[in-house]
$ cat run-v2.pdb   # PDB, C-alpha atoms
ATOM      1  CA  MET A   1     196.294-169.562-145.044
ATOM      2  CA  HIS A   2     192.992-171.341-145.492
ATOM      3  CA  LYS A   3     192.321-174.339-143.308
ATOM      4  CA  PRO A   4     189.520-176.746-144.175
ATOM      5  CA  GLY A   5     186.343-175.928-142.290
ATOM      6  CA  PRO A   6     184.554-178.435-140.090
ATOM      7  CA  LEU A   7     182.326-179.530-142.949
ATOM      8  CA  SER A   8     185.117-180.068-145.455
ATOM      9  CA  SER A   9     185.475-183.708-146.287
ATOM     10  CA  SER A  10     187.958-186.031-147.776
ATOM     11  CA  PRO A  11     187.027-186.949-151.309
ATOM     12  CA  ALA A  12     184.300-189.514-151.783
ATOM     13  CA  ASP A  13     183.063-190.003-148.237
ATOM     14  CA  PRO A  14     179.464-190.847-149.106
ATOM     15  CA  LEU A  15     178.176-190.729-145.533
ATOM     16  CA  ILE A  16     179.634-187.277-144.874
ATOM     17  CA  GLU A  17     178.408-185.976-148.217
ATOM     18  CA  ARG A  18     174.906-187.359-147.618
ATOM     19  CA  ALA A  19     174.716-185.863-144.123
ATOM     20  CA  ARG A  20     175.991-182.518-145.383
ATOM     21  CA  ARG A  21     173.418-182.503-148.175
ATOM     22  CA  LEU A  22     170.591-183.334-145.767
ATOM     23  CA  LEU A  23     171.651-180.570-143.379
ATOM     24  CA  GLU A  24     171.894-178.084-146.247
ATOM     25  CA  GLN A  25     168.335-179.116-147.192
ATOM     26  CA  ARG A  26     167.249-178.485-143.595
ATOM     27  CA  GLN A  27     166.550-182.141-142.905
ATOM     28  CA  PRO A  28     168.373-182.674-139.603
ATOM     29  CA  ARG A  29     166.312-185.712-138.542
ATOM     30  CA  GLN A  30     167.248-187.558-141.713
ATOM     31  CA  ALA A  31     170.912-186.563-141.299
ATOM     32  CA  TYR A  32     170.834-187.724-137.674
ATOM     33  CA  ASP A  33     169.231-191.047-138.657
ATOM     34  CA  ALA A  34     171.894-191.535-141.354
ATOM     35  CA  LEU A  35     174.829-190.768-139.041
ATOM     36  CA  LEU A  36     173.747-192.365-135.767
ATOM     37  CA  PRO A  37     174.314-196.015-136.788
ATOM     38  CA  TYR A  38     177.964-195.167-137.516
ATOM     39  CA  GLU A  39     178.674-193.321-134.269
ATOM     40  CA  SER A  40     180.558-196.129-132.534
ATOM     41  CA  ALA A  41     182.751-196.719-135.588
ATOM     42  CA  ARG A  42     183.361-193.065-136.511
ATOM     43  CA  ALA A  43     183.339-191.291-133.134
ATOM     44  CA  GLY A  44     186.575-189.366-132.811
ATOM     45  CA  ASP A  45     186.536-188.215-136.441
ATOM     46  CA  PRO A  46     186.006-184.454-135.965
ATOM     47  CA  GLN A  47     184.231-184.056-139.275
ATOM     48  CA  PHE A  48     181.800-186.866-138.507
ATOM     49  CA  ASP A  49     181.290-185.703-134.924
ATOM     50  CA  TYR A  50     180.666-182.099-135.991
ATOM     51  CA  LEU A  51     177.952-183.140-138.445
ATOM     52  CA  LEU A  52     176.465-185.553-135.919
ATOM     53  CA  GLY A  53     176.439-182.773-133.327
ATOM     54  CA  ILE A  54     174.547-180.393-135.594
ATOM     55  CA  ALA A  55     172.144-183.093-136.777
ATOM     56  CA  ALA A  56     171.453-184.281-133.231
ATOM     57  CA  THR A  57     170.982-180.774-131.851
ATOM     58  CA  ASP A  58     168.693-179.711-134.693
ATOM     59  CA  ALA A  59     166.763-182.997-134.563
ATOM     60  CA  GLY A  60     165.875-182.503-130.903
ATOM     61  CA  ALA A  61     168.636-184.545-129.262
ATOM     62  CA  PRO A  62     170.933-181.790-127.940
ATOM     63  CA  GLU A  63     172.440-184.054-125.281
ATOM     64  CA  ARG A  64     173.817-186.309-128.031
ATOM     65  CA  GLY A  65     174.949-183.157-129.822
ATOM     66  CA  VAL A  66     176.920-182.076-126.751
ATOM     67  CA  PHE A  67     178.726-185.427-126.634
ATOM     68  CA  ALA A  68     179.608-185.180-130.329
ATOM     69  CA  PHE A  69     180.848-181.585-130.018
ATOM     70  CA  GLU A  70     182.894-182.531-126.935
ATOM     71  CA  ARG A  71     184.708-185.125-129.041
ATOM     72  CA  VAL A  72     185.463-182.482-131.692
ATOM     73  CA  LEU A  73     186.751-180.046-129.071
ATOM     74  CA  ALA A  74     188.884-182.712-127.404
ATOM     75  CA  LEU A  75     190.854-183.018-130.654
ATOM     76  CA  GLN A  76     190.407-179.468-131.939
ATOM     77  CA  PRO A  77     190.112-177.115-128.946
ATOM     78  CA  ASP A  78     190.393-174.095-131.251
ATOM     79  CA  ASN A  79     187.438-175.139-133.411
ATOM     80  CA  HIS A  80     185.365-172.021-132.747
ATOM     81  CA  LEU A  81     182.421-173.191-134.814
ATOM     82  CA  ALA A  82     182.104-176.429-132.814
ATOM     83  CA  ARG A  83     182.435-174.412-129.600
ATOM     84  CA  ALA A  84     179.632-172.049-130.680
ATOM     85  CA  GLU A  85     177.453-175.020-131.575
ATOM     86  CA  ILE A  86     178.064-176.759-128.242
ATOM     87  CA  ALA A  87     177.022-173.524-126.548
ATOM     88  CA  ARG A  88     173.788-173.600-128.551
ATOM     89  CA  ALA A  89     173.210-177.235-127.521
ATOM     90  CA  PHE A  90     173.853-176.359-123.868
ATOM     91  CA  LEU A  91     171.303-173.564-124.138
ATOM     92  CA  LEU A  92     168.725-175.972-125.553
ATOM     93  CA  LEU A  93     169.387-178.226-122.553
ATOM     94  CA  GLY A  94     168.785-175.310-120.210
ATOM     95  CA  GLU A  95     172.438-175.236-119.132
ATOM     96  CA  ARG A  96     172.716-171.460-119.310
ATOM     97  CA  ASP A  97     175.995-171.174-117.373
ATOM     98  CA  SER A  98     177.732-173.681-119.639
ATOM     99  CA  ALA A  99     176.272-171.983-122.711
ATOM    100  CA  ARG A 100     177.399-168.550-121.501
ATOM    101  CA  ARG A 101     180.924-169.811-120.780
ATOM    102  CA  GLU A 102     181.283-171.328-124.267
ATOM    103  CA  PHE A 103     179.754-168.303-126.019
ATOM    104  CA  GLU A 104     182.184-166.017-124.159
ATOM    105  CA  ILE A 105     185.160-168.131-125.245
ATOM    106  CA  VAL A 106     184.091-167.894-128.888
ATOM    107  CA  ARG A 107     183.307-164.176-128.536
ATOM    108  CA  ARG A 108     186.954-163.493-127.591
ATOM    109  CA  GLN A 109     188.249-165.237-130.729
ATOM    110  CA  PRO A 110     188.858-163.742-134.189
ATOM    111  CA  VAL A 111     185.449-164.694-135.577
ATOM    112  CA  PRO A 112     183.376-162.756-138.115
ATOM    113  CA  ALA A 113     181.383-159.785-136.833
ATOM    114  CA  SER A 114     178.147-161.555-137.783
ATOM    115  CA  VAL A 115     178.994-164.434-135.437
ATOM    116  CA  LYS A 116     179.841-161.983-132.641
ATOM    117  CA  GLU A 117     176.467-160.289-133.157
ATOM    118  CA  VAL A 118     174.634-163.599-132.759
ATOM    119  CA  ILE A 119     176.696-164.420-129.664
ATOM    120  CA  ASP A 120     175.958-160.986-128.195
ATOM    121  CA  HIS A 121     172.243-161.630-128.741
ATOM    122  CA  TYR A 122     172.462-164.981-126.950
ATOM    123  CA  LEU A 123     174.549-163.575-124.095
ATOM    124  CA  ALA A 124     172.097-160.706-123.571
ATOM    125  CA  ALA A 125     169.175-163.134-123.568
ATOM    126  CA  ILE A 126     170.942-165.419-121.088
ATOM    127  CA  ALA A 127     171.725-162.473-118.803
ATOM    128  CA  ALA A 128     168.103-161.311-118.952
ATOM    129  CA  GLY A 129     166.743-164.822-118.435
ATOM    130  CA  ASP A 130     164.908-164.591-121.754
ATOM    131  CA  VAL A 131     163.950-167.494-123.951
ATOM    132  CA  VAL A 132     165.870-167.238-127.197
ATOM    133  CA  ARG A 133     165.176-168.601-130.639
ATOM    134  CA  LEU A 134     168.151-170.781-131.461
ATOM    135  CA  THR A 135     169.544-171.039-134.928
ATOM    136  CA  ARG A 136     172.710-172.541-136.240
ATOM    137  CA  PHE A 137     175.563-170.039-136.393
ATOM    138  CA  LEU A 138     176.371-170.641-140.021
ATOM    139  CA  GLU A 139     174.530-172.599-142.615
ATOM    140  CA  PRO A 140     176.409-175.803-143.498
ATOM    141  CA  SER A 141     177.292-174.487-146.951
ATOM    142  CA  LEU A 142     178.829-171.371-145.378
ATOM    143  CA  ALA A 143     180.575-173.347-142.654
ATOM    144  CA  ARG A 144     182.967-174.669-145.267
ATOM    145  CA  GLU A 145     184.713-171.338-144.752
ATOM    146  CA  THR A 146     186.676-171.574-141.565
ATOM    147  CA  ILE A 147     186.281-169.114-138.729
ATOM    148  CA  GLN A 148     189.303-170.465-136.900
TER
END
$ encode --input "run-v2.pdb" --output "structure tokens"
Amino acid sequence: MHKPGPLSSSPADPLIERARRLLEQRQPRQAYDALLPYESARAGDPQFDYLLGIAATDAGAPERGVFAFERVLALQPDNHLARAEIARAFLLLGERDSARREFEIVRRQPVPASVKEVIDHYLAAIAAGDVVRLTRFLEPSLARETIQ
């Protein structure tokens, strides 16, 4: 059974569609600037919060990304993609223990082998104390496929 992924949207949500397009075009700052004014009104909408989390993290505001991903996980604790992304945001904040904990949770889930490989890379780098190059787990267009 296919469940909608975190970037699936209800029809005709112009803000979500615009943010998704900007993220697909690798313009996280513009996506963040488009979403941020609506945070107080739309916070608690997992789709909105997920996109805001990615945009914030990729635009250099990982602390705001963590807050957005926490809202997603409060409503969808089994959202493995949001959990992997919050781990990435924690790592950007230098919170290695929190990042490791979240990566390990996702690693134990039925996620694609490619995601497990990326997690293994991050976990090895954390264990070694290395600086890692952080990239999003799945491109937004691919994230439409669920890994839950």
$ closest_residue --input "run-v2.pdb" --among "A:Val118, A:Ala125, A:Ala84, A:Ala41" --to "Phe103 of chain A" --atoms "only C-alpha atoms"
A:Ala84
$ closest_residue --input "run-v2.pdb" --among "A:Arg26, A:Arg107, A:His80, A:Arg101" --to "Ala127 of chain A" --atoms "only C-alpha atoms"
A:Arg101
$ resolve_selection --input "run-v2.pdb" --expression "the PyMOL selection byres ((chain A and resi 55-71) around 10)" --output "NGL selection string"
:A and (19-20 or 22-23 or 26-36 or 39 or 43-46 or 48-54 or 72-77 or 79 or 81-93 or 134-136)
$ atom_distance --input "run-v2.pdb" --atom1 "atom CA of Ile126 of chain A" --atom2 "atom CA of Arg100 of chain A"
7.2 Å
$ atom_distance --input "run-v2.pdb" --atom1 "atom CA of Gly94 of chain A" --atom2 "atom CA of Ala113 of chain A"
26.0 Å
$ atom_distance --input "run-v2.pdb" --atom1 "atom CA of Val106 of chain A" --atom2 "atom CA of Ala128 of chain A"
19.9 Å
$ build_atoms --input "run-v2.pdb" --residues "segment 17-48 of chain A" --atoms "N, CA and C atoms" --output "PDB file, in the coordinates of the input"
ATOM      1  N   GLU A  17     179.067-186.748-147.155  1.00  0.00           N
ATOM      2  CA  GLU A  17     178.408-185.976-148.217  1.00  0.00           C
ATOM      3  C   GLU A  17     176.883-186.042-148.090  1.00  0.00           C
ATOM      4  N   ARG A  18     176.358-187.215-147.779  1.00  0.00           N
ATOM      5  CA  ARG A  18     174.906-187.359-147.618  1.00  0.00           C
ATOM      6  C   ARG A  18     174.415-186.536-146.436  1.00  0.00           C
ATOM      7  N   ALA A  19     175.112-186.626-145.308  1.00  0.00           N
ATOM      8  CA  ALA A  19     174.716-185.863-144.123  1.00  0.00           C
ATOM      9  C   ALA A  19     174.795-184.369-144.399  1.00  0.00           C
ATOM     10  N   ARG A  20     175.847-183.934-145.045  1.00  0.00           N
ATOM     11  CA  ARG A  20     175.991-182.518-145.383  1.00  0.00           C
ATOM     12  C   ARG A  20     174.835-182.055-146.262  1.00  0.00           C
ATOM     13  N   ARG A  21     174.527-182.849-147.266  1.00  0.00           N
ATOM     14  CA  ARG A  21     173.418-182.503-148.175  1.00  0.00           C
ATOM     15  C   ARG A  21     172.107-182.385-147.413  1.00  0.00           C
ATOM     16  N   LEU A  22     171.834-183.357-146.543  1.00  0.00           N
ATOM     17  CA  LEU A  22     170.591-183.334-145.767  1.00  0.00           C
ATOM     18  C   LEU A  22     170.525-182.109-144.852  1.00  0.00           C
ATOM     19  N   LEU A  23     171.640-181.751-144.237  1.00  0.00           N
ATOM     20  CA  LEU A  23     171.651-180.570-143.379  1.00  0.00           C
ATOM     21  C   LEU A  23     171.456-179.300-144.202  1.00  0.00           C
ATOM     22  N   GLU A  24     172.079-179.238-145.371  1.00  0.00           N
ATOM     23  CA  GLU A  24     171.894-178.084-146.247  1.00  0.00           C
ATOM     24  C   GLU A  24     170.440-177.965-146.700  1.00  0.00           C
ATOM     25  N   GLN A  25     169.753-179.094-146.804  1.00  0.00           N
ATOM     26  CA  GLN A  25     168.335-179.116-147.192  1.00  0.00           C
ATOM     27  C   GLN A  25     167.409-178.971-145.991  1.00  0.00           C
ATOM     28  N   ARG A  26     168.000-178.676-144.836  1.00  0.00           N
ATOM     29  CA  ARG A  26     167.249-178.485-143.595  1.00  0.00           C
ATOM     30  C   ARG A  26     166.445-179.733-143.212  1.00  0.00           C
ATOM     31  N   GLN A  27     167.134-180.867-143.289  1.00  0.00           N
ATOM     32  CA  GLN A  27     166.550-182.141-142.905  1.00  0.00           C
ATOM     33  C   GLN A  27     167.424-182.795-141.824  1.00  0.00           C
ATOM     34  N   PRO A  28     167.472-182.166-140.636  1.00  0.00           N
ATOM     35  CA  PRO A  28     168.373-182.674-139.603  1.00  0.00           C
ATOM     36  C   PRO A  28     167.995-184.056-139.089  1.00  0.00           C
ATOM     37  N   ARG A  29     166.719-184.385-139.027  1.00  0.00           N
ATOM     38  CA  ARG A  29     166.312-185.712-138.542  1.00  0.00           C
ATOM     39  C   ARG A  29     166.845-186.797-139.460  1.00  0.00           C
ATOM     40  N   GLN A  30     166.746-186.573-140.763  1.00  0.00           N
ATOM     41  CA  GLN A  30     167.248-187.558-141.713  1.00  0.00           C
ATOM     42  C   GLN A  30     168.767-187.667-141.629  1.00  0.00           C
ATOM     43  N   ALA A  31     169.456-186.529-141.444  1.00  0.00           N
ATOM     44  CA  ALA A  31     170.912-186.563-141.299  1.00  0.00           C
ATOM     45  C   ALA A  31     171.292-187.320-140.026  1.00  0.00           C
ATOM     46  N   TYR A  32     170.577-187.048-138.948  1.00  0.00           N
ATOM     47  CA  TYR A  32     170.834-187.724-137.674  1.00  0.00           C
ATOM     48  C   TYR A  32     170.622-189.228-137.826  1.00  0.00           C
ATOM     49  N   ASP A  33     169.518-189.623-138.455  1.00  0.00           N
ATOM     50  CA  ASP A  33     169.231-191.047-138.657  1.00  0.00           C
ATOM     51  C   ASP A  33     170.282-191.722-139.537  1.00  0.00           C
ATOM     52  N   ALA A  34     170.854-190.970-140.483  1.00  0.00           N
ATOM     53  CA  ALA A  34     171.894-191.535-141.354  1.00  0.00           C
ATOM     54  C   ALA A  34     173.217-191.702-140.611  1.00  0.00           C
ATOM     55  N   LEU A  35     173.539-190.753-139.732  1.00  0.00           N
ATOM     56  CA  LEU A  35     174.829-190.768-139.041  1.00  0.00           C
ATOM     57  C   LEU A  35     174.858-191.665-137.811  1.00  0.00           C
ATOM     58  N   LEU A  36     173.769-191.694-137.067  1.00  0.00           N
ATOM     59  CA  LEU A  36     173.747-192.365-135.767  1.00  0.00           C
ATOM     60  C   LEU A  36     174.225-193.819-135.796  1.00  0.00           C
ATOM     61  N   PRO A  37     173.843-194.618-136.792  1.00  0.00           N
ATOM     62  CA  PRO A  37     174.314-196.015-136.788  1.00  0.00           C
ATOM     63  C   PRO A  37     175.831-196.160-136.894  1.00  0.00           C
ATOM     64  N   TYR A  38     176.514-195.109-137.329  1.00  0.00           N
ATOM     65  CA  TYR A  38     177.964-195.167-137.516  1.00  0.00           C
ATOM     66  C   TYR A  38     178.732-194.512-136.369  1.00  0.00           C
ATOM     67  N   GLU A  39     178.015-194.064-135.340  1.00  0.00           N
ATOM     68  CA  GLU A  39     178.674-193.321-134.269  1.00  0.00           C
ATOM     69  C   GLU A  39     179.783-194.124-133.597  1.00  0.00           C
ATOM     70  N   SER A  40     179.526-195.371-133.256  1.00  0.00           N
ATOM     71  CA  SER A  40     180.558-196.129-132.534  1.00  0.00           C
ATOM     72  C   SER A  40     181.798-196.353-133.404  1.00  0.00           C
ATOM     73  N   ALA A  41     181.620-196.491-134.697  1.00  0.00           N
ATOM     74  CA  ALA A  41     182.751-196.719-135.588  1.00  0.00           C
ATOM     75  C   ALA A  41     183.484-195.427-135.948  1.00  0.00           C
ATOM     76  N   ARG A  42     182.758-194.307-136.005  1.00  0.00           N
ATOM     77  CA  ARG A  42     183.361-193.065-136.511  1.00  0.00           C
ATOM     78  C   ARG A  42     183.574-191.997-135.437  1.00  0.00           C
ATOM     79  N   ALA A  43     183.124-192.260-134.210  1.00  0.00           N
ATOM     80  CA  ALA A  43     183.339-191.291-133.134  1.00  0.00           C
ATOM     81  C   ALA A  43     184.837-191.007-133.012  1.00  0.00           C
ATOM     82  N   GLY A  44     185.174-189.748-132.855  1.00  0.00           N
ATOM     83  CA  GLY A  44     186.575-189.366-132.811  1.00  0.00           C
ATOM     84  C   GLY A  44     187.054-188.767-134.115  1.00  0.00           C
ATOM     85  N   ASP A  45     186.270-188.888-135.171  1.00  0.00           N
ATOM     86  CA  ASP A  45     186.536-188.215-136.441  1.00  0.00           C
ATOM     87  C   ASP A  45     185.857-186.853-136.333  1.00  0.00           C
ATOM     88  N   PRO A  46     186.619-185.757-136.204  1.00  0.00           N
ATOM     89  CA  PRO A  46     186.006-184.454-135.965  1.00  0.00           C
ATOM     90  C   PRO A  46     184.957-184.044-136.999  1.00  0.00           C
ATOM     91  N   GLN A  47     185.192-184.394-138.222  1.00  0.00           N
ATOM     92  CA  GLN A  47     184.231-184.056-139.275  1.00  0.00           C
ATOM     93  C   GLN A  47     182.906-184.789-139.049  1.00  0.00           C
ATOM     94  N   PHE A  48     182.991-186.074-138.783  1.00  0.00           N
ATOM     95  CA  PHE A  48     181.800-186.866-138.507  1.00  0.00           C
ATOM     96  C   PHE A  48     181.103-186.346-137.254  1.00  0.00           C
TER      97      PHE A  48
END
